[in-house]
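S.K.: Please find entry_31.pdb (PDB, C-alpha atoms) on the next line:
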MODEL        1
ATOM      1  CA  MET O  85     -80.983 115.004   9.761
ATOM      2  CA  ASP O  86     -83.823 112.947  11.183
ATOM      3  CA  VAL O  87     -83.513 110.522  14.079
ATOM      4  CA  ASN O  88     -82.989 107.470  11.882
ATOM      5  CA  THR O  89     -80.212 109.155   9.960
ATOM      6  CA  ALA O  90     -78.582 110.317  13.167
ATOM      7  CA  VAL O  91     -78.677 106.799  14.625
ATOM      8  CA  PHE O  92     -77.257 105.416  11.410
ATOM      9  CA  ALA O  93     -74.450 107.940  11.427
ATOM     10  CA  VAL O  94     -73.540 107.062  15.006
ATOM     11  CA  SER O  95     -73.604 103.361  14.309
ATOM     12  CA  CYS O  96     -71.531 103.659  11.187
ATOM     13  CA  THR O  97     -68.646 105.838  12.262
ATOM     14  CA  SER O  98     -66.796 106.626  15.418
ATOM     15  CA  THR O  99     -64.994 109.904  15.749
ATOM     16  CA  PRO O 100     -61.381 109.772  16.846
ATOM     17  CA  ILE O 101     -60.683 110.350  20.487
ATOM     18  CA  THR O 102     -59.701 113.940  21.011
ATOM     19  CA  GLY O 103     -58.048 116.287  23.462
ATOM     20  CA  THR O 104     -55.849 115.332  26.394
ATOM     21  CA  ARG O 105     -57.107 111.769  26.455
ATOM     22  CA  ALA O 106     -56.201 111.331  22.809
ATOM     23  CA  LEU O 107     -52.713 112.634  23.366
ATOM     24  CA  GLN O 108     -52.282 110.402  26.376
ATOM     25  CA  LYS O 109     -53.513 107.351  24.482
ATOM     26  CA  LYS O 110     -51.254 108.150  21.556
ATOM     27  CA  ARG O 111     -48.271 108.555  23.860
ATOM     28  CA  GLN O 112     -49.022 105.265  25.604
ATOM     29  CA  LEU O 113     -49.453 103.394  22.350
ATOM     30  CA  ASN O 114     -46.278 104.922  20.946
ATOM     31  CA  GLN O 115     -44.379 103.813  24.032
ATOM     32  CA  PHE O 116     -45.839 100.331  23.852
ATOM     33  CA  LEU O 117     -45.021  99.886  20.180
ATOM     34  CA  ALA O 118     -41.520 101.295  20.627
ATOM     35  CA  GLU O 119     -40.894  98.765  23.370
ATOM     36  CA  VAL O 120     -42.206  95.800  21.452
ATOM     37  CA  GLU O 121     -41.330  96.505  17.822
ATOM     38  CA  ARG O 122     -37.745  95.252  17.683
ATOM     39  CA  ARG O 123     -38.447  91.933  19.359
ATOM     40  CA  ALA O 124     -41.565  91.566  17.251
ATOM     41  CA  LEU O 125     -39.519  92.135  14.114
ATOM     42  CA  ARG O 126     -36.996  89.458  15.031
ATOM     43  CA  ILE O 127     -39.780  87.023  15.953
ATOM     44  CA  ALA O 128     -41.517  87.628  12.630
ATOM     45  CA  GLU O 129     -38.208  87.419  10.795
ATOM     46  CA  ILE O 130     -37.433  84.028  12.301
ATOM     47  CA  ALA O 131     -40.899  82.838  11.292
ATOM     48  CA  VAL O 132     -40.801  84.032   7.667
ATOM     49  CA  ARG O 133     -37.030  84.235   7.156
ATOM     50  CA  ASP O 134     -37.167  87.524   5.324
ATOM     51  CA  ARG O 135     -36.571  90.889   6.952
ATOM     52  CA  ASP O 136     -38.548  92.967   4.480
ATOM     53  CA  GLU O 137     -41.554  90.686   4.795
ATOM     54  CA  ALA O 138     -41.160  90.727   8.574
ATOM     55  CA  LEU O 139     -41.099  94.529   8.593
ATOM     56  CA  ASP O 140     -44.328  94.588   6.606
ATOM     57  CA  LEU O 141     -45.954  92.108   8.965
ATOM     58  CA  VAL O 142     -44.949  94.089  12.034
ATOM     59  CA  GLN O 143     -46.184  97.332  10.522
ATOM     60  CA  ASP O 144     -49.511  95.710   9.615
ATOM     61  CA  ALA O 145     -49.837  94.425  13.169
ATOM     62  CA  MET O 146     -49.119  97.883  14.571
ATOM     63  CA  ILE O 147     -51.690  99.481  12.301
ATOM     64  CA  LYS O 148     -54.363  96.912  13.159
ATOM     65  CA  LEU O 149     -53.693  97.247  16.867
ATOM     66  CA  ALA O 150     -53.988 101.032  16.651
ATOM     67  CA  ARG O 151     -57.075 100.822  14.476
ATOM     68  CA  ASN O 152     -58.992  98.172  16.363
ATOM     69  CA  TYR O 153     -57.704  97.874  19.900
ATOM     70  CA  SER O 154     -56.290 101.219  20.979
ATOM     71  CA  GLU O 155     -59.239 101.687  23.330
ATOM     72  CA  ARG O 156     -58.516  98.454  25.163
ATOM     73  CA  ASN O 157     -56.638  98.424  28.460
ATOM     74  CA  ASN O 158     -52.917  98.852  27.964
ATOM     75  CA  ASP O 159     -52.122  95.542  29.649
ATOM     76  CA  GLU O 160     -54.124  93.771  26.947
ATOM     77  CA  TRP O 161     -52.055  95.228  24.140
ATOM     78  CA  THR O 162     -49.148  92.782  24.266
ATOM     79  CA  PRO O 163     -51.111  89.541  23.754
ATOM     80  CA  LEU O 164     -53.430  91.276  21.284
ATOM     81  CA  PHE O 165     -50.514  92.634  19.288
ATOM     82  CA  TYR O 166     -48.862  89.252  19.109
ATOM     83  CA  ARG O 167     -52.124  87.582  18.210
ATOM     84  CA  ILE O 168     -52.447  89.939  15.257
ATOM     85  CA  LEU O 169     -48.817  89.343  14.325
ATOM     86  CA  GLN O 170     -49.117  85.556  14.576
ATOM     87  CA  ASN O 171     -52.253  85.650  12.431
ATOM     88  CA  GLY O 172     -50.313  87.715   9.920
ATOM     89  CA  VAL O 173     -47.465  85.212   9.901
ATOM     90  CA  ARG O 174     -49.848  82.280   9.436
ATOM     91  CA  ASP O 175     -51.623  84.106   6.653
ATOM     92  CA  TRP O 176     -48.260  84.885   5.047
ATOM     93  CA  HIS O 177     -47.344  81.197   5.053
ATOM     94  CA  ARG O 178     -50.709  80.270   3.526
ATOM     95  CA  ARG O 179     -50.317  82.862   0.809
ATOM     96  CA  GLN O 180     -46.794  81.649   0.120
ATOM     97  CA  ALA O 181     -48.119  78.109  -0.257
ATOM     98  CA  VAL O 182     -50.787  79.267  -2.719
ATOM     99  CA  ARG O 183     -48.288  81.402  -4.604
ATOM    100  CA  ASN O 184     -45.894  78.478  -4.899
ATOM    101  CA  ARG O 185     -48.696  76.252  -6.221
ATOM    102  CA  VAL O 186     -49.630  78.884  -8.778
ATOM    103  CA  MET O 187     -46.005  79.230  -9.851
ATOM    104  CA  VAL O 188     -45.775  75.473 -10.309
ATOM    105  CA  TRP O 189     -49.019  75.600 -12.294
ATOM    106  CA  VAL O 190     -47.635  78.260 -14.652
ATOM    107  CA  GLY O 191     -44.356  76.402 -14.970
ATOM    108  CA  ARG O 192     -42.084  78.498 -12.806
ATOM    109  CA  LYS O 193     -39.962  77.152 -10.005
ATOM    110  CA  PRO O 194     -41.248  78.338  -6.648
ATOM    111  CA  SER O 195     -38.778  80.039  -4.394
ATOM    112  CA  ASP O 196     -36.740  77.510  -2.500
ATOM    113  CA  ASP O 197     -36.923  77.992   1.231
ATOM    114  CA  ASN O 198     -33.422  76.606   1.474
ATOM    115  CA  ASP O 199     -32.156  79.623  -0.462
ATOM    116  CA  TYR O 200     -32.305  81.549   2.771
ATOM    117  CA  ASP O 201     -28.916  83.004   3.520
ATOM    118  CA  ALA O 202     -28.651  83.283   7.256
ATOM    119  CA  VAL O 203     -25.398  85.217   7.013
ATOM    120  CA  ALA O 204     -26.846  87.775   4.609
ATOM    121  CA  ALA O 205     -29.900  88.197   6.816
ATOM    122  CA  ALA O 206     -27.891  88.500   9.994
ATOM    123  CA  PRO O 207     -27.912  91.814  11.815
ATOM    124  CA  ASP O 208     -25.286  94.329  10.769
ATOM    125  CA  PRO O 209     -22.350  93.918  13.120
ATOM    126  CA  MET O 210     -21.593  97.630  12.665
ATOM    127  CA  GLY O 211     -18.246  96.879  11.029
ATOM    128  CA  ARG O 212     -16.793  95.352  14.160
ATOM    129  CA  ALA O 213     -16.640  91.631  14.594
ATOM    130  CA  PRO O 214     -14.757  90.422  17.636
ATOM    131  CA  ASP O 215     -14.578  86.689  18.131
ATOM    132  CA  GLU O 216     -17.224  86.735  20.799
ATOM    133  CA  GLU O 217     -19.668  88.565  18.566
ATOM    134  CA  LEU O 218     -19.021  86.167  15.700
ATOM    135  CA  SER O 219     -19.623  83.307  18.054
ATOM    136  CA  ASN O 220     -22.890  84.808  19.265
ATOM    137  CA  ASN O 221     -24.031  85.463  15.694
ATOM    138  CA  GLU O 222     -23.302  81.893  14.752
ATOM    139  CA  ALA O 223     -25.151  80.616  17.798
ATOM    140  CA  MET O 224     -28.161  82.771  16.983
ATOM    141  CA  GLN O 225     -28.179  81.622  13.391
ATOM    142  CA  ARG O 226     -28.199  78.017  14.502
ATOM    143  CA  LEU O 227     -30.944  78.737  16.978
ATOM    144  CA  GLU O 228     -32.923  80.678  14.386
ATOM    145  CA  HIS O 229     -32.722  77.857  11.923
ATOM    146  CA  ALA O 230     -33.742  75.293  14.535
ATOM    147  CA  VAL O 231     -36.664  77.434  15.725
ATOM    148  CA  HIS O 232     -37.840  77.941  12.167
ATOM    149  CA  GLU O 233     -37.868  74.183  11.621
ATOM    150  CA  LEU O 234     -40.192  73.595  14.584
ATOM    151  CA  PRO O 235     -43.872  72.844  13.927
ATOM    152  CA  MET O 236     -45.752  76.134  13.691
ATOM    153  CA  ARG O 237     -47.521  75.994  17.054
ATOM    154  CA  GLN O 238     -44.371  74.949  18.896
ATOM    155  CA  ARG O 239     -42.504  77.772  17.195
ATOM    156  CA  GLU O 240     -45.135  80.287  18.221
ATOM    157  CA  ALA O 241     -45.213  79.087  21.812
ATOM    158  CA  PHE O 242     -41.452  79.101  22.095
ATOM    159  CA  MET O 243     -40.939  82.553  20.613
ATOM    160  CA  LEU O 244     -43.756  84.195  22.537
ATOM    161  CA  ARG O 245     -42.757  82.639  25.861
ATOM    162  CA  MET O 246     -38.990  82.767  25.473
ATOM    163  CA  PHE O 247     -38.224  85.716  23.234
ATOM    164  CA  GLU O 248     -41.091  88.045  24.089
ATOM    165  CA  GLY O 249     -41.406  86.857  27.673
ATOM    166  CA  LEU O 250     -45.185  86.465  27.678
ATOM    167  CA  ASP O 251     -46.608  84.383  30.509
ATOM    168  CA  VAL O 252     -48.673  81.283  29.813
ATOM    169  CA  ALA O 253     -51.967  83.184  29.927
ATOM    170  CA  GLY O 254     -50.738  85.912  27.583
ATOM    171  CA  THR O 255     -49.284  83.359  25.198
ATOM    172  CA  ALA O 256     -52.599  81.505  25.169
ATOM    173  CA  VAL O 257     -54.391  84.720  24.177
ATOM    174  CA  ALA O 258     -51.799  85.473  21.503
ATOM    175  CA  MET O 259     -51.999  81.958  20.080
ATOM    176  CA  GLY O 260     -55.764  81.614  20.465
ATOM    177  CA  CYS O 261     -55.525  78.346  22.365
ATOM    178  CA  SER O 262     -55.724  76.991  25.923
ATOM    179  CA  GLN O 263     -53.016  77.473  28.528
ATOM    180  CA  GLY O 264     -52.563  73.711  28.627
ATOM    181  CA  SER O 265     -51.805  73.674  24.918
ATOM    182  CA  VAL O 266     -49.266  76.447  25.395
ATOM    183  CA  LYS O 267     -47.458  74.437  28.062
ATOM    184  CA  THR O 268     -47.423  71.342  25.879
ATOM    185  CA  HIS O 269     -46.207  73.159  22.759
ATOM    186  CA  TYR O 270     -43.565  75.048  24.719
ATOM    187  CA  SER O 271     -42.217  71.985  26.492
ATOM    188  CA  ARG O 272     -41.995  70.029  23.248
ATOM    189  CA  ALA O 273     -40.277  72.969  21.566
ATOM    190  CA  VAL O 274     -37.624  73.284  24.258
ATOM    191  CA  HIS O 275     -36.834  69.587  24.219
ATOM    192  CA  SER O 276     -36.792  69.451  20.440
ATOM    193  CA  LEU O 277     -34.466  72.449  20.228
ATOM    194  CA  ARG O 278     -32.127  71.087  22.845
ATOM    195  CA  GLU O 279     -31.962  67.824  20.988
ATOM    196  CA  THR O 280     -31.374  69.556  17.661
ATOM    197  CA  LEU O 281     -28.705  71.863  19.005
ATOM    198  CA  GLU O 282     -26.994  69.433  21.305
ATOM    199  CA  ASP O 283     -24.390  68.479  18.752
ATOM    200  CA  TYR O 284     -23.553  72.089  18.195
ATOM    201  CA  ARG O 285     -21.628  74.043  20.767
ATOM    202  CA  PRO O 286     -22.788  72.110  23.816
ATOM    203  CA  ALA O 287     -21.622  74.891  26.100
ATOM    204  CA  GLU O 288     -24.016  77.252  24.321
ATOM    205  CA  PHE O 289     -27.165  75.297  23.717
ATOM    206  CA  GLY O 290     -26.897  71.710  24.877
ATOM    207  CA  SER O 291     -26.472  70.093  28.234
ATOM    208  CA  GLY O 292     -22.914  69.108  27.438
ATOM    209  CA  ASP O 293     -23.319  65.811  29.218
ATOM    210  CA  GLY O 294     -25.560  63.898  26.909
ATOM    211  CA  LYS O 295     -29.306  63.664  26.516
ATOM    212  CA  GLN O 296     -31.594  63.091  29.397
TER     213      GLN O 296
ATOM    214  CA  MET L 247     -38.289  71.892  33.373
ATOM    215  CA  ASN L 248     -34.904  71.046  34.847
ATOM    216  CA  GLU L 249     -31.600  72.835  35.240
ATOM    217  CA  GLN L 250     -30.494  71.895  31.753
ATOM    218  CA  ASP L 251     -33.654  73.351  30.295
ATOM    219  CA  ASP L 252     -33.142  76.482  32.347
ATOM    220  CA  ALA L 253     -29.581  76.828  31.082
ATOM    221  CA  PHE L 254     -30.725  76.315  27.513
ATOM    222  CA  GLU L 255     -33.467  78.909  27.911
ATOM    223  CA  LYS L 256     -31.053  81.451  29.303
ATOM    224  CA  MET L 257     -28.610  80.964  26.454
ATOM    225  CA  ALA L 258     -31.380  81.149  23.870
ATOM    226  CA  LYS L 259     -32.803  84.304  25.404
ATOM    227  CA  ASP L 260     -29.376  85.933  25.586
ATOM    228  CA  ALA L 261     -28.663  85.103  21.941
ATOM    229  CA  PHE L 262     -32.035  86.479  20.887
ATOM    230  CA  ASP L 263     -31.655  89.672  22.920
ATOM    231  CA  ALA L 264     -28.198  90.204  21.444
ATOM    232  CA  SER L 265     -29.618  89.894  17.932
ATOM    233  CA  VAL L 266     -32.310  92.444  18.804
ATOM    234  CA  ASP L 267     -29.721  94.868  20.162
ATOM    235  CA  LYS L 268     -27.737  94.623  16.946
ATOM    236  CA  LEU L 269     -30.502  95.606  14.555
ATOM    237  CA  ASP L 270     -29.080  98.085  12.074
ATOM    238  CA  ALA L 271     -30.019 101.734  11.814
ATOM    239  CA  ALA L 272     -31.906 101.353   8.537
ATOM    240  CA  THR L 273     -34.154  98.683  10.030
ATOM    241  CA  LEU L 274     -34.776 100.741  13.171
ATOM    242  CA  SER L 275     -35.670 103.694  10.965
ATOM    243  CA  ARG L 276     -38.226 101.616   9.067
ATOM    244  CA  LEU L 277     -39.720 100.397  12.322
ATOM    245  CA  ASN L 278     -39.949 103.972  13.532
ATOM    246  CA  ARG L 279     -41.720 105.068  10.359
ATOM    247  CA  GLY L 280     -44.093 102.133  10.557
ATOM    248  CA  ARG L 281     -44.935 102.957  14.149
ATOM    249  CA  HIS L 282     -45.751 106.575  13.370
ATOM    250  CA  GLU L 283     -47.881 105.505  10.448
ATOM    251  CA  ALA L 284     -49.765 103.197  12.796
ATOM    252  CA  LEU L 285     -50.280 105.983  15.309
ATOM    253  CA  GLN L 286     -51.954 108.063  12.628
ATOM    254  CA  GLU L 287     -54.752 105.508  12.742
ATOM    255  CA  LEU L 288     -55.794 107.058  16.050
ATOM    256  CA  GLU L 289     -56.614 110.296  14.284
ATOM    257  CA  ARG L 290     -58.753 108.788  11.557
ATOM    258  CA  PRO L 291     -62.495 108.266  11.886
ATOM    259  CA  ARG L 292     -63.100 104.545  11.840
ATOM    260  CA  ARG L 293     -65.860 102.766  10.039
ATOM    261  CA  ARG L 294     -67.580  99.944  11.815
ATOM    262  CA  TRP L 295     -68.249  97.223   9.354
ATOM    263  CA  SER L 296     -69.982  94.800  11.658
ATOM    264  CA  ARG L 297     -73.215  96.125  10.215
ATOM    265  CA  TRP L 298     -72.065  94.956   6.802
ATOM    266  CA  MET L 299     -70.607  91.613   7.816
ATOM    267  CA  PRO L 300     -73.549  89.648   6.397
ATOM    268  CA  ALA L 301     -73.089  91.401   3.060
ATOM    269  CA  THR L 302     -69.343  90.830   3.261
ATOM    270  CA  GLY L 303     -69.915  87.144   3.927
ATOM    271  CA  VAL L 304     -72.241  86.844   0.968
ATOM    272  CA  ALA L 305     -69.745  88.660  -1.247
ATOM    273  CA  ALA L 306     -66.951  86.345  -0.108
ATOM    274  CA  ALA L 307     -69.115  83.272  -0.669
ATOM    275  CA  VAL L 308     -69.993  84.435  -4.188
ATOM    276  CA  LEU L 309     -66.331  85.073  -4.867
ATOM    277  CA  VAL L 310     -65.398  81.582  -3.673
ATOM    278  CA  ALA L 311     -68.198  80.022  -5.723
ATOM    279  CA  VAL L 312     -67.042  81.804  -8.869
ATOM    280  CA  VAL L 313     -63.420  80.820  -8.317
ATOM    281  CA  THR L 314     -64.381  77.229  -7.550
ATOM    282  CA  LEU L 315     -66.658  76.848 -10.533
ATOM    283  CA  GLN L 316     -64.173  78.402 -12.908
ATOM    284  CA  SER L 317     -61.199  76.464 -11.576
ATOM    285  CA  PRO L 318     -60.162  73.535 -13.766
ATOM    286  CA  MET L 319     -58.524  71.896 -10.746
ATOM    287  CA  THR L 320     -61.456  70.117  -9.123
ATOM    288  CA  VAL L 321     -60.836  66.567 -10.143
ATOM    289  CA  ASP L 322     -59.056  64.737  -7.383
ATOM    290  CA  ASP L 323     -58.655  64.777  -3.643
ATOM    291  CA  GLU L 324     -55.315  66.503  -3.682
ATOM    292  CA  VAL L 325     -56.566  69.352  -5.759
ATOM    293  CA  GLY L 326     -59.741  69.428  -3.713
ATOM    294  CA  ALA L 327     -57.644  69.980  -0.621
ATOM    295  CA  THR L 328     -55.797  72.726  -2.448
ATOM    296  CA  SER L 329     -59.044  74.466  -3.285
ATOM    297  CA  LEU L 330     -60.108  74.238   0.339
ATOM    298  CA  ALA L 331     -56.858  75.866   1.408
ATOM    299  CA  ASP L 332     -57.391  78.620  -1.130
ATOM    300  CA  MET L 333     -60.924  79.110   0.158
ATOM    301  CA  GLU L 334     -59.569  79.472   3.657
ATOM    302  CA  ILE L 335     -57.355  82.277   2.437
ATOM    303  CA  LEU L 336     -60.128  83.932   0.497
ATOM    304  CA  LEU L 337     -62.369  83.786   3.543
ATOM    305  CA  GLY L 338     -59.629  84.867   5.943
ATOM    306  CA  GLU L 339     -59.959  87.967   8.034
ATOM    307  CA  ASP L 340     -57.489  89.880   5.923
ATOM    308  CA  SER L 341     -59.385  89.098   2.745
ATOM    309  CA  ILE L 342     -62.549  90.439   4.290
ATOM    310  CA  GLU L 343     -60.679  93.524   5.362
ATOM    311  CA  MET L 344     -59.474  93.964   1.811
ATOM    312  CA  LEU L 345     -63.042  93.903   0.637
ATOM    313  CA  GLU L 346     -63.794  96.803   2.935
ATOM    314  CA  ASP L 347     -62.043  99.117   0.557
ATOM    315  CA  LEU L 348     -64.158  98.240  -2.421
ATOM    316  CA  GLU L 349     -66.404 100.885  -3.789
ATOM    317  CA  PHE L 350     -69.195  98.381  -3.499
ATOM    318  CA  TYR L 351     -69.522  99.076   0.185
ATOM    319  CA  SER L 352     -69.535 102.783  -0.354
ATOM    320  CA  TRP L 353     -72.433 102.220  -2.693
ATOM    321  CA  ILE L 354     -74.278 100.164  -0.068
ATOM    322  CA  ASP L 355     -73.519 102.844   2.472
ATOM    323  CA  ILE L 356     -75.032 105.580   0.320
ATOM    324  CA  ALA L 357     -78.006 103.447  -0.657
ATOM    325  CA  GLU L 358     -78.730 102.646   2.985
ATOM    326  CA  MET L 359     -78.544 106.285   3.994
ATOM    327  CA  GLU L 360     -80.863 107.261   1.184
ATOM    328  CA  SER L 361     -83.388 104.595   2.182
ATOM    329  CA  ASP L 362     -83.191 105.711   5.829
ATOM    330  CA  VAL L 363     -83.762 109.308   4.850
ATOM    331  CA  GLY L 364     -86.485 108.381   2.447
TER     332      GLY L 364
ENDMDL
END
Rewrite the structure of this file - the entire thing - as structure tokens.
M.R.:
Amino acid sequence: MDVNTAVFAVSCTSTPITGTRALQKKRQLNQFLAEVERRALRIAEIAVRDRDEALDLVQDAMIKLARNYSERNNDEWTPLFYRILQNGVRDWHRRQAVRNRVMVWVGRKPSDDNDYDAVAAAPDPMGRAPDEELSNNEAMQRLEHAVHELPMRQREAFMLRMFEGLDVAGTAVAMGCSQGSVKTHYSRAVHSLRETLEDYRPAEFGSGDGKQ
Amino acid sequence: MNEQDDAFEKMAKDAFDASVDKLDAATLSRLNRGRHEALQELERPRRRWSRWMPATGVAAAVLVAVVTLQSPMTVDDEVGATSLADMEILLGEDSIEMLEDLEFYSWIDIAEMESDVG
């Protein structure tokens, strides 16, 4: 192998990290993904309203994070992971839009978003359904529906800040926008959701004493 | 943010966390499998395609041109907007990643190596 070939080979491939460092990195990434995966699934599920699709999106995000960003500092993983996931969700919505247009073009009725059955998609209550749990499920379904109806950027800001607990800076990285935009989207989302949910179970979601 | 917003946020967070805690075993199993599949990526040699990005861009542009020229739907603004949206998808990051798997790039790879050696 001459020098040019050697340089080419180095530039074209990177060998996997090996030894103790590799094991440590794998353990850290496994721990990170295990911590984040369930919340990520629910966030994706609220965005696309389909658990199977959400599982695929989360798995894709995990694979891309491992493939492209495993060498980055661990504290960068959370916003990077959610950026990948949000991009996946946006891409999913775009593909759905194209698919629906194609189905209209070939004379088939596109899937109706309103066909979503929140009860069927609700988490398995493990066979036990005390009143409190039913009440919580109902509250979450209402919240889920309201969050899904938000404009995309507001929905992203709300879910990343509220459900995942990212700070403003991390949310900005995940959304690919400024921190100011995050604050604006988040504030609008909260007020919109409160307004939407005020009529329902004021003790759960509304102020209970009228709008501001 | 005021107290009412804070109360709303707490209730929303609690409801969300409860829904996360109640994910069923089958779903958790699928997440677990997906995670381990992702971790296998760490053990695979990775190809760096930045070298081929210009070629990828050209390939994507040709693909878009072919689709656009062959599409019968280029007559009004609405359809024009539709085509633009489709182009955005075709040129999206994922589409480019899809192209990475094409044998075409393997061919370029081999041809480049041969020219370097030669």
S.K.: Extract, using all atoms listed in the file, all DNA, RNA and protein residues at most 8 Å from Val173 of chain O, discarding same-chain residues fewer than 3 positions from it, and format them as a CSV table (one decimal) with C-alpha atoms, keeping the file's coordinate frame.
M.R.:
chain,number,residue,atom,x,y,z
O,128,ALA,CA,-41.5,87.6,12.6
O,131,ALA,CA,-40.9,82.8,11.3
O,132,VAL,CA,-40.8,84.0,7.7
O,141,LEU,CA,-46.0,92.1,9.0
O,169,LEU,CA,-48.8,89.3,14.3
O,170,GLN,CA,-49.1,85.6,14.6
O,176,TRP,CA,-48.3,84.9,5.0
O,177,HIS,CA,-47.3,81.2,5.1
S.K.: One decimal, Å: what's the distance from atom CA of Met246 of chain O over to atom CA of Glu283 of chain L, could you say?
M.R.: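 These two atoms are separated by 28.7 Å.
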S.K.: Which residue gives the smallest distance to Arg123 of chain O among O:Glu248, O:Val182, O:Met243, O:His232, with only C-alpha atoms counted?
M.R.: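 Of the candidates, the smallest distance to Arg123 of chain O is held by O:Glu248.
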S.K.: Suppose you want the space between atom CA of Leu277 of chain O and atom CA of Arg133 of chain O; what is it in Å?
M.R.: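 Atom CA of Leu277 of chain O sits 17.8 Å away from atom CA of Arg133 of chain O.
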S.K.: Report as lines of an AutoDock Vina configuration file the centre and the edge lengths, in Å to one decimal, of the axis-aligned box holding every listed atom of segment 148-156 of chain O, padded by 6 Å on each side.
M.R.:
center_x = -56.5
center_y = 99.3
center_z = 19.2
size_x = 17.5
size_y = 16.8
size_z = 24.0
S.K.: Which residue, O:Ile168, O:Ile147, O:Ala256, O:Met187, has the smallest gap to chain L when you use all atoms listed in the file?
M.R.: O:Ile147
S.K.: Go ahead and compute the interatomic distance for atom CA of Asp140 of chain O and atom CA of Ala258 of chain L, in Å to one decimal.
M.R.: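 Atom CA of Asp140 of chain O sits 25.4 Å away from atom CA of Ala258 of chain L.
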S.K.: Find, counting only C-alpha atoms, the residue in O:Ala241, O:Val120, O:Ala150, O:Ala273 that gets nearest to chain L.
M.R.: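 The shortest atom-to-atom distance to chain L comes from O:Ala150.
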S.K.: So, counting all atoms listed in the file, which residue among O:Lys110, O:Arg167, O:Arg105, O:Arg272 is closest to His282 of chain L?
M.R.: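 Going through O:Lys110, O:Arg167, O:Arg105, O:Arg272 one by one, the smallest distance to His282 of chain L is for O:Lys110.
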S.K.: When you count only C-alpha atoms, which of these residues is closest to chain L: O:Asp134, O:Glu240, O:Asp159, O:Glu228?
M.R.: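 The answer is O:Glu228, which sits nearest to chain L.
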S.K.: Decode the PyMOL selection byres ((chain L and resi 287) around 12) for the given file into explicit residues and return them as a ChimeraX atom specification.
M.R.: /O:99-101,106,109-110,113-114,144,146-154 /L:280-286,288-293
S.K.: Using all atoms listed in the file, can you tell me which of L:Ala272, L:Ala305, L:Ala261, L:Val312 comes closest to chain O?
M.R.: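 Result for the nearest residue to chain O: L:Ala261.
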